[in-house]
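Here the structure comes first, spelled out in structure tokens, and everything after it is commentary.
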Amino acid sequence: MKRKIGFIGCGKMAQAMIGGMLQSNTVQPEQIVASARSQETIDQASEKFQIQVTANNMLVAEQADILFLAIKPNLHAQIIEEIKHSIKKDTIIITIAAGISLDFLEESFNQPIKAVRSMPNTPSLVGEGMSAICANDFVTKDELENIIHVFSSFGEIEVIEEKLMNAIPAISGSSPAYVYMFIEALADGGVKNGLPREQSYHLAAQAVLGAAKMVLESAKHPGELKDEVCTPGGATIEAVAELENKGFRSAILSAMESCTAKTNSLSQKNER
């Protein structure tokens, strides 16, 4: 990858992606330029990643061959207005925000642009991200392959139809937060039963990591894997039954519905 990659916004998600790119050696620090509003973030990101960080969004836009808009949904119109005359003709614009459509990007730039809509997640920082993307018709096949290569540098990627993008935050974009809550609860249970806190976090986190890897690598249905842990009359089936009594699965589905509803509302707000 020889292209210059720019980030307008250098918050947690942008830093997770930058860290993943650099750790995988897909790009070198000198190929990345980012902007941030606060001097604290500028100094922190510059020291952490050894990349160029500035307060000038237009400077980033002028340099980038691939430009990530790593900003909140409600800031897109303002930032695009600021940079739209600074981007190069063939720059690929990538939004990582929920609810920002390809049509919105094209209309906001008010010119033909190569646009990609994406939804990554924070485990990108450790090379285990899960991203979904879609692109408009101006992005060529080779350019899409380059974008896939960039996203693959910090995890897995799925290319999907744009009409499905609003479902992505609930299942992979936001879901690490649900998993962290689950790990925290498991660790609390360990502490309640006498285990030291740090050991409890280690035991819980590794168990979740191992279970996820079993799903990905065994080709077995999650329900089948669950059944394999539950011996007749054993402790695990007692725990599973109690989770069902407490509405474990329905709570997750309800949370995902709330997340998707919020994403849909952001899309509608940006379309107006």
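Each chain of the structure tokens is named A, B, ... in the order shown, its residues numbered from 1; ligands are numbered from 1 in display order.
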Expected answer as a PyMOL selection string: helix (DSSP H, G or I) residues in region 143-204 of chain A: chain A and resi 143-152+162-173+175-192+197-204
What's around Gln78 (chain A) at 12 Å? Count only C-alpha atoms, leave out sequence neighbours fewer than 5 positions away in its own chain, and write the answer as a PyMOL selection string. chain A and resi 57+69+71-73+83-84+105+108-109+270
Tell me, as a ChimeraX atom specification, which residues lie within 8 Å of region 165-169 of chain A, counting only C-alpha atoms; anything in the same chain fewer than 3 positions away does not count. /A:98-99,119,132-133,160-162,172-175,259-260,263-264
Could you please take those selected residues and save all heavy atoms as a compact mmCIF listing (two decimals), in the first residue's frame?
```txt
# COMPACT_ATOMS: atom_id res chain seq x y z
N ALA A 98 -22.31 5.86 11.82
CA ALA A 98 -23.63 5.25 11.64
C ALA A 98 -24.58 6.23 10.97
O ALA A 98 -24.59 7.42 11.30
CB ALA A 98 -24.20 4.82 12.99
N GLY A 99 -25.36 5.73 10.00
CA GLY A 99 -26.42 6.52 9.42
C GLY A 99 -26.02 7.48 8.31
O GLY A 99 -26.85 8.23 7.81
N MET A 119 -18.52 0.45 8.53
CA MET A 119 -18.79 0.35 9.97
C MET A 119 -17.76 -0.61 10.56
O MET A 119 -17.94 -1.82 10.54
CB MET A 119 -20.22 -0.14 10.22
CG MET A 119 -20.57 -0.31 11.70
SD MET A 119 -20.22 1.12 12.78
CE MET A 119 -21.16 2.41 11.98
N ALA A 132 -17.82 -3.78 8.02
CA ALA A 132 -18.69 -3.96 6.85
C ALA A 132 -18.57 -2.71 5.99
O ALA A 132 -18.49 -1.60 6.52
CB ALA A 132 -20.14 -4.18 7.28
N ILE A 133 -18.54 -2.90 4.67
CA ILE A 133 -18.41 -1.75 3.78
C ILE A 133 -19.31 -1.92 2.56
O ILE A 133 -19.70 -3.02 2.19
CB ILE A 133 -16.96 -1.52 3.29
CG1 ILE A 133 -16.52 -2.65 2.34
CG2 ILE A 133 -16.00 -1.39 4.46
CD1 ILE A 133 -15.22 -2.34 1.61
N ILE A 160 -21.15 -5.61 1.76
CA ILE A 160 -22.58 -5.86 1.76
C ILE A 160 -23.32 -4.81 0.95
O ILE A 160 -22.73 -3.79 0.55
CB ILE A 160 -23.15 -5.90 3.20
CG1 ILE A 160 -23.07 -4.51 3.84
CG2 ILE A 160 -22.42 -6.92 4.06
CD1 ILE A 160 -23.79 -4.43 5.17
N GLU A 161 -24.60 -5.03 0.72
CA GLU A 161 -25.44 -4.03 0.06
C GLU A 161 -25.72 -2.89 1.02
O GLU A 161 -25.87 -3.10 2.23
CB GLU A 161 -26.77 -4.65 -0.37
CG GLU A 161 -26.66 -5.76 -1.38
CD GLU A 161 -28.03 -6.34 -1.70
OE1 GLU A 161 -28.82 -5.66 -2.39
OE2 GLU A 161 -28.32 -7.46 -1.25
N GLU A 162 -25.80 -1.68 0.48
CA GLU A 162 -25.99 -0.53 1.37
C GLU A 162 -27.30 -0.61 2.15
O GLU A 162 -27.37 -0.16 3.30
CB GLU A 162 -25.95 0.79 0.59
CG GLU A 162 -25.99 1.96 1.57
CD GLU A 162 -25.89 3.33 0.93
OE1 GLU A 162 -26.10 3.44 -0.30
OE2 GLU A 162 -25.61 4.30 1.66
N SER A 172 -22.19 -5.78 14.98
CA SER A 172 -20.72 -5.79 15.09
C SER A 172 -20.11 -4.45 15.48
O SER A 172 -19.08 -4.42 16.15
CB SER A 172 -20.08 -6.29 13.78
OG SER A 172 -20.39 -5.41 12.71
N GLY A 173 -20.73 -3.36 15.08
CA GLY A 173 -20.16 -2.05 15.41
C GLY A 173 -20.23 -1.73 16.90
O GLY A 173 -19.25 -1.33 17.53
N SER A 174 -21.41 -1.93 17.48
CA SER A 174 -21.63 -1.62 18.90
C SER A 174 -21.48 -2.82 19.81
O SER A 174 -21.31 -2.67 21.02
CB SER A 174 -23.05 -1.04 19.09
OG SER A 174 -23.24 0.12 18.32
N SER A 175 -21.55 -4.02 19.27
CA SER A 175 -21.62 -5.22 20.10
C SER A 175 -20.40 -5.46 20.99
O SER A 175 -20.55 -6.12 22.03
CB SER A 175 -21.89 -6.46 19.24
OG SER A 175 -20.85 -6.69 18.32
N CYS A 259 -30.57 -0.26 19.08
CA CYS A 259 -29.41 0.25 18.36
C CYS A 259 -29.75 0.53 16.90
O CYS A 259 -29.40 1.58 16.35
CB CYS A 259 -28.26 -0.76 18.46
SG CYS A 259 -26.69 -0.20 17.77
N THR A 260 -30.45 -0.39 16.28
CA THR A 260 -30.84 -0.22 14.87
C THR A 260 -31.82 0.93 14.70
O THR A 260 -31.74 1.69 13.73
CB THR A 260 -31.43 -1.53 14.31
OG1 THR A 260 -30.47 -2.58 14.45
CG2 THR A 260 -31.80 -1.38 12.84
N THR A 263 -29.85 4.06 14.74
CA THR A 263 -29.13 4.21 13.48
C THR A 263 -30.07 4.69 12.37
O THR A 263 -29.72 5.57 11.58
CB THR A 263 -28.48 2.88 13.06
OG1 THR A 263 -27.60 2.45 14.10
CG2 THR A 263 -27.68 3.03 11.78
N ASN A 264 -31.28 4.12 12.31
CA ASN A 264 -32.27 4.53 11.31
C ASN A 264 -32.66 6.00 11.49
O ASN A 264 -32.83 6.73 10.52
CB ASN A 264 -33.51 3.65 11.39
CG ASN A 264 -33.27 2.25 10.84
OD1 ASN A 264 -32.41 2.06 9.97
ND2 ASN A 264 -34.02 1.28 11.32
```
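One distance worth recording is that between CA of Phe138 (chain A) and CA of Ile93 (chain A), which is 11.0 Å.
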Can you pull out every residue within 12 Å of Val240 (chain A), counting only C-alpha atoms, but drop anything in the same chain fewer than 6 positions away, and send it as a ChimeraX atom specification? /A:223,226-227,229-231,233-234,246-249
Long-range neighbours of Ile183 (chain A) as a list of chain:residue names, 9 Å cut-off, only C-alpha atoms, 2 positions minimum in chain: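 Listed by chain and then number, they are A:Tyr178, A:Val179, A:Tyr180, A:Met181, A:Ala185, A:Leu186, A:Ala187, A:Asp188, A:Tyr201, A:Ala204, A:Ala205, A:Val208.
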Nearest to Gln15 (chain A) among A:Lys2, A:Lys48, A:Lys163, A:Arg37, with distances taken over only C-alpha atoms: which residue is it?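 Ranking A:Lys2, A:Lys48, A:Lys163, A:Arg37 by distance to Gln15 (chain A), first place goes to A:Lys48.
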Can you tell me, as a ChimeraX atom specification, which residues in region 91-211 of chain A count as strand (DSSP E) by DSSP? /A:92-95,114-119,129-135,155-159
Neighbour list for Leu125 (chain A) as a ChimeraX atom specification, cut-off 7 Å, only C-alpha atoms, skip fewer than 2 positions in-chain: /A:16-17,19-20,122-123,127,154
Restricting the output to N, CA, C and O atoms, write the selected residues as a PDB file, in the first residue's frame.
```pdb
ATOM      1  N   ALA A  16      -7.946   3.244  16.809  1.00  0.00           N
ATOM      2  CA  ALA A  16      -7.979   1.787  16.723  1.00  0.00           C
ATOM      3  C   ALA A  16      -7.593   1.331  15.318  1.00  0.00           C
ATOM      4  O   ALA A  16      -6.805   0.385  15.135  1.00  0.00           O
ATOM      5  N   MET A  17      -8.115   2.013  14.304  1.00  0.00           N
ATOM      6  CA  MET A  17      -7.812   1.655  12.922  1.00  0.00           C
ATOM      7  C   MET A  17      -6.363   1.974  12.574  1.00  0.00           C
ATOM      8  O   MET A  17      -5.670   1.173  11.931  1.00  0.00           O
ATOM      9  N   GLY A  19      -3.840   2.203  14.636  1.00  0.00           N
ATOM     10  CA  GLY A  19      -3.001   1.248  15.342  1.00  0.00           C
ATOM     11  C   GLY A  19      -2.970  -0.102  14.654  1.00  0.00           C
ATOM     12  O   GLY A  19      -1.908  -0.729  14.528  1.00  0.00           O
ATOM     13  N   GLY A  20      -4.125  -0.556  14.175  1.00  0.00           N
ATOM     14  CA  GLY A  20      -4.192  -1.835  13.473  1.00  0.00           C
ATOM     15  C   GLY A  20      -3.417  -1.823  12.165  1.00  0.00           C
ATOM     16  O   GLY A  20      -2.702  -2.776  11.841  1.00  0.00           O
ATOM     17  N   THR A 122     -13.943  -1.242  17.453  1.00  0.00           N
ATOM     18  CA  THR A 122     -12.705  -0.932  18.168  1.00  0.00           C
ATOM     19  C   THR A 122     -11.726  -2.094  18.323  1.00  0.00           C
ATOM     20  O   THR A 122     -10.523  -1.826  18.489  1.00  0.00           O
ATOM     21  N   PRO A 123     -12.133  -3.381  18.289  1.00  0.00           N
ATOM     22  CA  PRO A 123     -11.113  -4.432  18.320  1.00  0.00           C
ATOM     23  C   PRO A 123     -10.133  -4.384  17.150  1.00  0.00           C
ATOM     24  O   PRO A 123      -9.174  -5.159  17.111  1.00  0.00           O
ATOM     25  N   GLY A 127      -6.044  -5.958  15.911  1.00  0.00           N
ATOM     26  CA  GLY A 127      -6.060  -6.771  14.703  1.00  0.00           C
ATOM     27  C   GLY A 127      -7.219  -7.734  14.598  1.00  0.00           C
ATOM     28  O   GLY A 127      -7.201  -8.650  13.779  1.00  0.00           O
ATOM     29  N   PHE A 154      -6.602  -4.765   9.793  1.00  0.00           N
ATOM     30  CA  PHE A 154      -6.902  -4.726  11.229  1.00  0.00           C
ATOM     31  C   PHE A 154      -8.101  -5.614  11.590  1.00  0.00           C
ATOM     32  O   PHE A 154      -8.742  -5.418  12.613  1.00  0.00           O
TER      33      PHE A 154
END
```
A:Asp65, A:His85, A:Asn136, A:Ala45: which is nearest Phe104 (chain A), counting only C-alpha atoms? A:Asn136
